[in-house]
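Shown next: run-v1.txt, given as compact mmCIF, C-alpha atoms (C1' of nucleotides).
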```txt
# COMPACT_ATOMS: atom_id res chain seq x y z
CA MET A 1 -32.45 -18.44 4.92
CA ILE A 2 -29.91 -16.74 7.17
CA ASN A 3 -31.05 -14.32 9.86
CA ILE A 4 -28.73 -11.33 9.53
CA GLU A 5 -29.87 -9.54 12.67
CA LEU A 6 -29.42 -12.71 14.70
CA VAL A 7 -25.90 -13.21 13.38
CA LEU A 8 -24.99 -9.67 14.36
CA ARG A 9 -26.39 -10.06 17.85
CA GLU A 10 -24.72 -13.43 18.34
CA HIS A 11 -21.41 -11.73 17.67
CA GLY A 12 -22.09 -8.85 20.02
CA LEU A 13 -22.64 -6.33 17.22
CA ARG A 14 -25.39 -3.73 16.95
CA LYS A 15 -27.86 -4.01 14.10
CA THR A 16 -27.38 -0.68 12.37
CA THR A 17 -28.71 -0.11 8.87
CA PHE A 18 -25.25 -0.15 7.39
CA ARG A 19 -23.95 -3.24 9.17
CA LYS A 20 -27.04 -5.20 8.25
CA GLU A 21 -26.55 -4.26 4.62
CA LEU A 22 -22.81 -5.01 4.73
CA LEU A 23 -23.25 -8.43 6.24
CA THR A 24 -26.00 -9.21 3.74
CA MET A 25 -23.59 -8.28 0.93
CA PHE A 26 -21.14 -10.87 2.19
CA TYR A 27 -23.84 -13.53 2.40
CA ASN A 28 -24.96 -12.71 -1.13
CA THR A 29 -21.59 -13.14 -2.82
CA ASN A 30 -19.65 -16.33 -3.32
CA SER A 31 -16.52 -14.27 -3.90
CA SER A 32 -14.83 -11.57 -1.83
CA LEU A 33 -15.12 -7.81 -1.42
CA THR A 34 -12.84 -4.78 -1.19
CA VAL A 35 -13.61 -1.52 0.59
CA GLU A 36 -13.94 0.13 -2.80
CA GLU A 37 -16.46 -2.41 -4.03
CA ILE A 38 -18.45 -2.09 -0.83
CA LEU A 39 -18.60 1.70 -1.07
CA LYS A 40 -19.70 1.49 -4.68
CA SER A 41 -22.60 -0.90 -4.15
CA ILE A 42 -23.82 0.09 -0.71
CA ILE A 43 -27.19 1.86 -0.61
CA SER A 44 -27.10 3.29 2.91
CA LYS A 45 -24.75 6.21 2.37
CA THR A 46 -21.67 5.58 4.47
CA ASP A 47 -18.24 7.01 5.11
CA LYS A 48 -15.26 4.89 4.16
CA VAL A 49 -14.01 5.07 7.73
CA THR A 50 -17.19 3.35 8.84
CA VAL A 51 -16.56 0.61 6.30
CA TYR A 52 -13.00 0.09 7.50
CA ARG A 53 -14.12 -0.04 11.11
CA ALA A 54 -16.97 -2.45 10.41
CA LEU A 55 -14.62 -4.80 8.53
CA GLU A 56 -12.20 -4.59 11.43
CA VAL A 57 -14.70 -5.74 14.05
CA PHE A 58 -16.30 -8.28 11.71
CA GLU A 59 -12.88 -9.84 11.36
CA LYS A 60 -12.17 -9.68 15.07
CA LYS A 61 -15.45 -11.42 15.80
CA GLY A 62 -14.72 -14.20 13.34
CA LEU A 63 -17.36 -13.25 10.79
CA ILE A 64 -15.07 -12.46 7.87
CA HIS A 65 -11.41 -13.00 7.00
CA LYS A 66 -8.83 -11.35 4.82
CA VAL A 67 -8.10 -13.00 1.51
CA PRO A 68 -5.05 -12.39 -0.68
CA ASP A 69 -5.35 -10.14 -3.69
CA LYS A 70 -3.29 -9.86 -6.83
CA ASN A 71 -2.43 -6.21 -6.32
CA ASN A 72 -1.83 -6.38 -2.59
CA LEU A 73 -5.21 -4.89 -1.92
CA THR A 74 -7.11 -6.03 1.13
CA ARG A 75 -10.10 -8.18 0.32
CA TYR A 76 -12.56 -9.79 2.71
CA ALA A 77 -14.71 -12.89 2.51
CA LEU A 78 -17.22 -14.60 4.73
CA CYS A 79 -15.86 -17.14 7.17
CA ASN A 80 -17.30 -20.59 7.58
CA ASN A 81 -19.15 -21.46 10.77
CA GLU A 82 -16.08 -22.88 12.44
CA CYS A 83 -14.60 -19.40 12.89
CA SER A 84 -14.86 -17.35 16.07
CA SER A 85 -13.08 -14.45 17.74
CA GLU A 86 -10.79 -17.03 19.32
CA LYS A 87 -9.76 -18.82 16.17
CA HIS A 88 -10.07 -18.53 12.41
CA VAL A 89 -10.27 -21.76 10.44
CA HIS A 90 -9.64 -21.60 6.69
CA ASN A 91 -8.37 -24.88 5.39
CA HIS A 92 -9.51 -24.24 1.85
CA ALA A 93 -7.61 -22.70 -1.04
CA HIS A 94 -8.13 -19.17 -2.36
CA PHE A 95 -8.27 -18.42 -6.04
CA ILE A 96 -7.38 -15.10 -7.67
CA CYS A 97 -8.56 -14.40 -11.20
CA ASN A 98 -5.90 -12.84 -13.41
CA SER A 99 -8.41 -11.12 -15.59
CA CYS A 100 -11.16 -9.76 -13.29
CA ASN A 101 -9.00 -9.74 -10.13
CA GLY A 102 -11.80 -11.44 -8.21
CA THR A 103 -10.90 -13.69 -5.32
CA PHE A 104 -12.82 -16.88 -4.62
CA CYS A 105 -12.78 -19.49 -1.89
CA ILE A 106 -12.27 -22.96 -3.34
CA LYS A 107 -13.63 -25.18 -0.63
CA ASP A 108 -13.00 -28.32 -2.71
CA ILE A 109 -9.24 -27.88 -2.48
CA GLU A 110 -7.81 -28.36 0.96
CA VAL A 111 -4.63 -26.74 2.20
CA PRO A 112 -2.11 -29.52 2.82
CA ALA A 113 -1.06 -30.10 6.41
CA VAL A 114 2.51 -28.89 6.70
CA GLN A 115 5.06 -30.16 9.20
CA ASN A 116 7.41 -27.85 11.03
CA ALA A 117 10.69 -27.57 9.17
CA GLN A 118 14.20 -26.20 9.70
CA GLY A 119 13.42 -24.81 13.12
CA PHE A 120 10.33 -22.93 11.94
CA LEU A 121 7.22 -23.29 14.09
CA ILE A 122 4.33 -23.36 11.63
CA LYS A 123 1.00 -22.27 13.06
CA SER A 124 -1.09 -21.79 9.94
CA SER A 125 -0.79 -22.22 6.22
CA LYS A 126 -2.64 -20.96 3.18
CA LEU A 127 -2.78 -22.04 -0.41
CA THR A 128 -3.31 -19.32 -3.00
CA LEU A 129 -4.12 -20.13 -6.60
CA GLU A 130 -4.00 -17.91 -9.66
CA GLY A 131 -5.50 -18.19 -13.10
CA ASP A 132 -8.83 -17.57 -14.82
CA CYS A 133 -12.23 -17.83 -13.17
CA PRO A 134 -15.20 -19.52 -14.88
CA VAL A 135 -16.89 -16.22 -15.76
CA CYS A 136 -13.78 -14.78 -17.42
CA ILE A 137 -13.04 -18.00 -19.31
CA SER A 138 -16.44 -17.96 -21.02
CA SER A 139 -16.25 -14.35 -22.23
CA MET B 1 31.69 -16.28 -3.33
CA ILE B 2 29.25 -14.64 -5.70
CA ASN B 3 30.39 -12.02 -8.19
CA ILE B 4 27.84 -9.21 -7.89
CA GLU B 5 29.07 -7.22 -10.88
CA LEU B 6 28.98 -10.29 -13.08
CA VAL B 7 25.41 -11.10 -12.03
CA LEU B 8 24.34 -7.57 -12.92
CA ARG B 9 26.00 -7.70 -16.32
CA GLU B 10 24.58 -11.15 -17.06
CA HIS B 11 21.13 -9.72 -16.56
CA GLY B 12 21.75 -6.68 -18.73
CA LEU B 13 21.95 -4.26 -15.81
CA ARG B 14 24.51 -1.52 -15.25
CA LYS B 15 26.78 -1.75 -12.24
CA THR B 16 25.96 1.44 -10.40
CA THR B 17 27.01 1.94 -6.79
CA PHE B 18 23.46 1.60 -5.55
CA ARG B 19 22.50 -1.48 -7.54
CA LYS B 20 25.65 -3.29 -6.49
CA GLU B 21 24.83 -2.55 -2.86
CA LEU B 22 21.19 -3.53 -3.27
CA LEU B 23 21.97 -6.84 -4.90
CA THR B 24 24.59 -7.56 -2.25
CA MET B 25 21.94 -6.95 0.41
CA PHE B 26 19.77 -9.61 -1.13
CA TYR B 27 22.65 -12.08 -1.26
CA ASN B 28 23.49 -11.36 2.38
CA THR B 29 20.04 -12.08 3.79
CA ASN B 30 18.31 -15.43 3.98
CA SER B 31 15.05 -13.60 4.45
CA SER B 32 13.30 -10.92 2.41
CA LEU B 33 13.30 -7.13 2.17
CA THR B 34 10.83 -4.26 1.94
CA VAL B 35 11.48 -0.87 0.36
CA GLU B 36 11.45 0.62 3.85
CA GLU B 37 14.07 -1.80 5.13
CA ILE B 38 16.25 -1.18 2.10
CA LEU B 39 16.11 2.60 2.51
CA LYS B 40 16.97 2.26 6.18
CA SER B 41 20.06 0.11 5.74
CA ILE B 42 21.44 1.36 2.44
CA ILE B 43 24.67 3.34 2.63
CA SER B 44 24.71 4.95 -0.82
CA LYS B 45 22.13 7.67 -0.31
CA THR B 46 19.26 6.94 -2.66
CA ASP B 47 15.82 8.17 -3.48
CA LYS B 48 12.91 5.81 -2.82
CA VAL B 49 11.90 6.08 -6.47
CA THR B 50 15.27 4.61 -7.40
CA VAL B 51 14.66 1.73 -5.04
CA TYR B 52 11.23 1.03 -6.50
CA ARG B 53 12.59 1.12 -10.03
CA ALA B 54 15.54 -1.10 -9.21
CA LEU B 55 13.27 -3.69 -7.62
CA GLU B 56 11.05 -3.50 -10.67
CA VAL B 57 13.80 -4.35 -13.14
CA PHE B 58 15.40 -6.89 -10.83
CA GLU B 59 12.09 -8.70 -10.78
CA LYS B 60 11.61 -8.39 -14.52
CA LYS B 61 15.05 -9.88 -15.11
CA GLY B 62 14.35 -12.82 -12.82
CA LEU B 63 16.73 -11.84 -10.05
CA ILE B 64 14.19 -11.34 -7.28
CA HIS B 65 10.53 -12.13 -6.70
CA LYS B 66 7.71 -10.77 -4.61
CA VAL B 67 6.89 -12.65 -1.45
CA PRO B 68 3.71 -12.34 0.60
CA ASP B 69 3.71 -10.25 3.74
CA LYS B 70 1.53 -10.28 6.80
CA ASN B 71 0.41 -6.66 6.47
CA ASN B 72 -0.09 -6.64 2.72
CA LEU B 73 3.24 -4.92 2.22
CA THR B 74 5.37 -5.78 -0.77
CA ARG B 75 8.46 -7.78 0.11
CA TYR B 76 11.16 -9.08 -2.18
CA ALA B 77 13.50 -12.05 -1.97
CA LEU B 78 16.25 -13.49 -4.11
CA CYS B 79 15.23 -15.98 -6.76
CA ASN B 80 16.90 -19.33 -7.25
CA ASN B 81 19.00 -19.93 -10.35
CA GLU B 82 16.12 -21.41 -12.30
CA CYS B 83 14.46 -18.00 -12.69
CA SER B 84 14.84 -15.77 -15.73
CA SER B 85 13.02 -12.90 -17.41
CA GLU B 86 11.01 -15.53 -19.30
CA LYS B 87 9.83 -17.51 -16.32
CA HIS B 88 9.87 -17.39 -12.55
CA VAL B 89 10.07 -20.74 -10.79
CA HIS B 90 9.03 -20.77 -7.12
CA ASN B 91 7.69 -24.12 -6.16
CA HIS B 92 8.71 -23.74 -2.54
CA ALA B 93 6.68 -22.47 0.40
CA HIS B 94 7.07 -19.03 1.98
CA PHE B 95 7.10 -18.52 5.71
CA ILE B 96 6.04 -15.34 7.52
CA CYS B 97 7.12 -14.84 11.12
CA ASN B 98 4.36 -13.53 13.37
CA SER B 99 6.78 -11.85 15.69
CA CYS B 100 9.48 -10.23 13.53
CA ASN B 101 7.35 -10.09 10.35
CA GLY B 102 10.25 -11.55 8.38
CA THR B 103 9.51 -13.65 5.34
CA PHE B 104 11.59 -16.72 4.49
CA CYS B 105 11.73 -19.13 1.60
CA ILE B 106 11.32 -22.72 2.80
CA LYS B 107 12.83 -24.69 -0.04
CA ASP B 108 12.26 -27.99 1.78
CA ILE B 109 8.51 -27.65 1.49
CA GLU B 110 7.10 -27.92 -2.00
CA VAL B 111 3.90 -26.35 -3.19
CA PRO B 112 1.47 -29.16 -3.99
CA ALA B 113 0.41 -29.56 -7.59
CA VAL B 114 -3.22 -28.49 -7.77
CA GLN B 115 -5.75 -29.69 -10.32
CA ASN B 116 -8.23 -27.37 -11.96
CA ALA B 117 -11.50 -27.35 -10.03
CA GLN B 118 -15.09 -26.11 -10.41
CA GLY B 119 -14.43 -24.47 -13.75
CA PHE B 120 -11.39 -22.55 -12.50
CA LEU B 121 -8.30 -22.62 -14.70
CA ILE B 122 -5.36 -22.73 -12.30
CA LYS B 123 -2.10 -21.37 -13.68
CA SER B 124 0.02 -21.00 -10.57
CA SER B 125 -0.20 -21.69 -6.88
CA LYS B 126 1.63 -20.62 -3.77
CA LEU B 127 1.83 -21.94 -0.26
CA THR B 128 2.24 -19.40 2.53
CA LEU B 129 3.03 -20.45 6.08
CA GLU B 130 2.77 -18.44 9.28
CA GLY B 131 4.23 -18.89 12.74
CA ASP B 132 7.50 -18.24 14.54
CA CYS B 133 10.92 -18.24 12.95
CA PRO B 134 13.97 -19.89 14.60
CA VAL B 135 15.46 -16.58 15.71
CA CYS B 136 12.27 -15.39 17.40
CA ILE B 137 11.65 -18.76 19.07
CA SER B 138 15.01 -18.66 20.80
CA SER B 139 14.66 -15.15 22.22
C1' DA C 1 -37.25 8.45 30.03
C1' DA C 2 -32.50 8.39 31.25
C1' DT C 3 -28.00 6.31 30.70
C1' DT C 4 -23.98 4.58 28.32
C1' DA C 5 -21.22 2.89 25.10
C1' DA C 6 -21.10 1.28 20.34
C1' DA C 7 -21.29 3.11 15.95
C1' DC C 8 -21.02 6.96 12.93
C1' DG C 9 -19.25 11.01 10.02
C1' DC C 10 -16.25 14.54 8.88
C1' DA C 11 -11.58 16.44 8.50
C1' DA C 12 -6.99 15.81 8.55
C1' DT C 13 -3.08 12.89 8.28
C1' DT C 14 -0.02 8.99 7.25
C1' DT C 15 2.00 5.70 4.23
C1' DA C 16 2.87 2.97 0.00
C1' DG C 17 3.54 3.49 -4.43
C1' DT C 18 3.51 6.15 -9.09
C1' DT C 19 4.38 9.66 -12.78
C1' DG C 20 6.81 13.23 -15.18
C1' DC C 21 10.86 15.29 -16.45
C1' DG C 22 15.27 17.14 -16.55
C1' DT C 23 20.08 15.49 -15.24
C1' DT C 24 23.88 12.24 -14.55
C1' DA C 25 26.76 8.61 -15.66
C1' DA C 26 27.71 3.74 -17.42
C1' DT C 27 28.52 1.46 -21.65
C1' DG C 28 29.61 0.76 -26.50
C1' DT C 29 31.69 2.83 -30.67
C1' DT C 30 34.63 5.44 -33.39
C1' DA D 1 40.38 9.48 -25.42
C1' DA D 2 36.21 11.79 -27.25
C1' DC D 3 31.56 11.02 -28.50
C1' DA D 4 26.95 9.21 -28.65
C1' DT D 5 23.42 6.57 -26.59
C1' DT D 6 20.40 5.41 -23.17
C1' DA D 7 20.05 3.24 -18.60
C1' DA D 8 19.80 4.93 -14.23
C1' DC D 9 19.09 8.63 -11.09
C1' DG D 10 16.91 12.44 -8.21
C1' DC D 11 13.63 15.74 -7.19
C1' DA D 12 8.84 17.32 -6.99
C1' DA D 13 4.30 16.47 -7.30
C1' DC D 14 0.67 13.34 -7.10
C1' DT D 15 -2.57 9.26 -6.28
C1' DA D 16 -4.73 5.89 -3.55
C1' DA D 17 -5.25 2.98 0.64
C1' DA D 18 -5.69 3.11 5.23
C1' DT D 19 -5.56 5.45 9.89
C1' DT D 20 -6.40 8.84 13.71
C1' DG D 21 -8.84 12.25 16.36
C1' DC D 22 -12.90 14.01 17.95
C1' DG D 23 -17.42 15.48 18.39
C1' DT D 24 -22.19 13.59 17.35
C1' DT D 25 -25.73 10.16 16.81
C1' DT D 26 -28.22 6.14 18.03
C1' DA D 27 -28.95 1.22 19.54
C1' DA D 28 -29.33 -1.32 23.57
C1' DT D 29 -29.77 -1.51 28.62
C1' DT D 30 -31.74 0.21 33.13
```
As structure tokens:
Amino acid sequence: MINIELVLREHGLRKTTFRKELLTMFYNTNSSLTVEEILKSIISKTDKVTVYRALEVFEKKGLIHKVPDKNNLTRYALCNNECSSEKHVHNHAHFICNSCNGTFCIKDIEVPAVQNAQGFLIKSSKLTLEGDCPVCISS
Amino acid sequence: MINIELVLREHGLRKTTFRKELLTMFYNTNSSLTVEEILKSIISKTDKVTVYRALEVFEKKGLIHKVPDKNNLTRYALCNNECSSEKHVHNHAHFICNSCNGTFCIKDIEVPAVQNAQGFLIKSSKLTLEGDCPVCISS
DNA sequence: AATTAAACGCAATTTAGTTGCGTTAATGTT
DNA sequence: AACATTAACGCAACTAAATTGCGTTTAATT
């Protein structure tokens, strides 16, 4: 079992009611979240600005990362333990469901290592997949 | 030399002053364009709605395609000849420059074929690279 | 208990993108 | 060349995501 308050402190963040609940939300989903989804399911009543700012610092501290979304919306998902404020590591593929618009991290599929090409200096690469997720297939 | 008016007619589009200029813009860049960039550099004075609608049909007809952008903005780039209104073919990687925010198609790097995994039905995949483009490296 | 800075909440604003609708003009037909 | 059709346009108004400013609250430190 993960210790939410410890995680917050380890990242130099204060344990407010909202941030504890937000971080717990991320640990409880295997998918990703948008600001809208967060506002809808959060219990501690919170302003959207607070949500935006919390996501901002969570990302800066290496707790969460942005994931691509079908409709160019910003989604966030939990990082793996390798991430920190210095460096984000996401060598897995992301999957976007065409029917429910959910975004999932597919840790089984690795992003291929890409060589620099044509004078481009490649620093990171991401592999984004689209299709139907298991839940939407069976319904 | 490409015949802009012919391309428009072949795709069932009328050759208006604006659309000729817009399509020419795409043929004259090896990168990609945003609505903002288009509005800034277009000569024929045009409403933004017209730009949005032109991009919409251009995409539908298989002339251009959306490319990912660092800040979740919508960018567009010219398609290769294989694309049509029936099917878009983009098996190459896209590169986003961290410094100028430009997006480039890297046709030398192919998107790896990905197998379905963990109950996900994968229909398409894209490979997005980030780093520094040749122009920004040498300046 | 006092201090201080992170976190919050409200209002207002910015920006991307969309919708509705009346007008203009490119194209095909007589 | 005149006419009819409809794609394309332009303006206004609107929606939704995200940001900024600023005063207040509260968690953590002393």
Quiz prompt | Separation of CA of Lys60 (chain B) from CA of Ser125 (chain A), in Å and rounded to one decimal | solution = 27.8 Å
Closest atom pairs, chain B residues within 9 Å of chain C, all atoms listed in the file, as a Markdown table:
```
| residue | atom | partner | partner_atom | distance |
| --- | --- | --- | --- | --- |
| B:Arg14 | CA | C:DA26 | C1' | 6.5 |
| B:Lys15 | CA | C:DA26 | C1' | 7.6 |
| B:Thr16 | CA | C:DA26 | C1' | 7.6 |
| B:Val49 | CA | C:DT18 | C1' | 8.8 |
| B:Tyr52 | CA | C:DG17 | C1' | 8.3 |
| B:Leu73 | CA | C:DA16 | C1' | 8.2 |
```
Self-check item: Within 12 Å of chain B: residues of chain A, using all atoms listed in the file, as an MDAnalysis selection string
Solution: chainID A and resid 66:75 92:99 102:138
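Considering the residues A:Ile4, A:Lys45, A:Leu13, A:Tyr76 and counting only C-alpha atoms (C1' of nucleotides), DA27 (chain D) has its shortest atom-to-atom contact with A:Leu13.
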Hey, which bits of chain D sit within 9 Å of chain B, and for each residue what's the closest pair of atoms and how far apart in Å (one decimal), counting all atoms listed in the file, rows by chain and increasing number, as a Markdown table?
```
| residue | atom | partner | partner_atom | distance |
| --- | --- | --- | --- | --- |
| D:DA7 | C1' | B:Arg14 | CA | 7.3 |
| D:DA8 | C1' | B:Thr16 | CA | 8.0 |
| D:DC9 | C1' | B:Thr50 | CA | 6.7 |
| D:DG10 | C1' | B:Asp47 | CA | 6.5 |
| D:DC11 | C1' | B:Asp47 | CA | 8.7 |
```
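When CA of Ile64 (chain B) is paired with CA of Val7 (chain B), their separation reads 12.2 Å.
From C1' of DT15 (chain D) back to CA of Glu37 (chain A), the distance works out to 18.3 Å.
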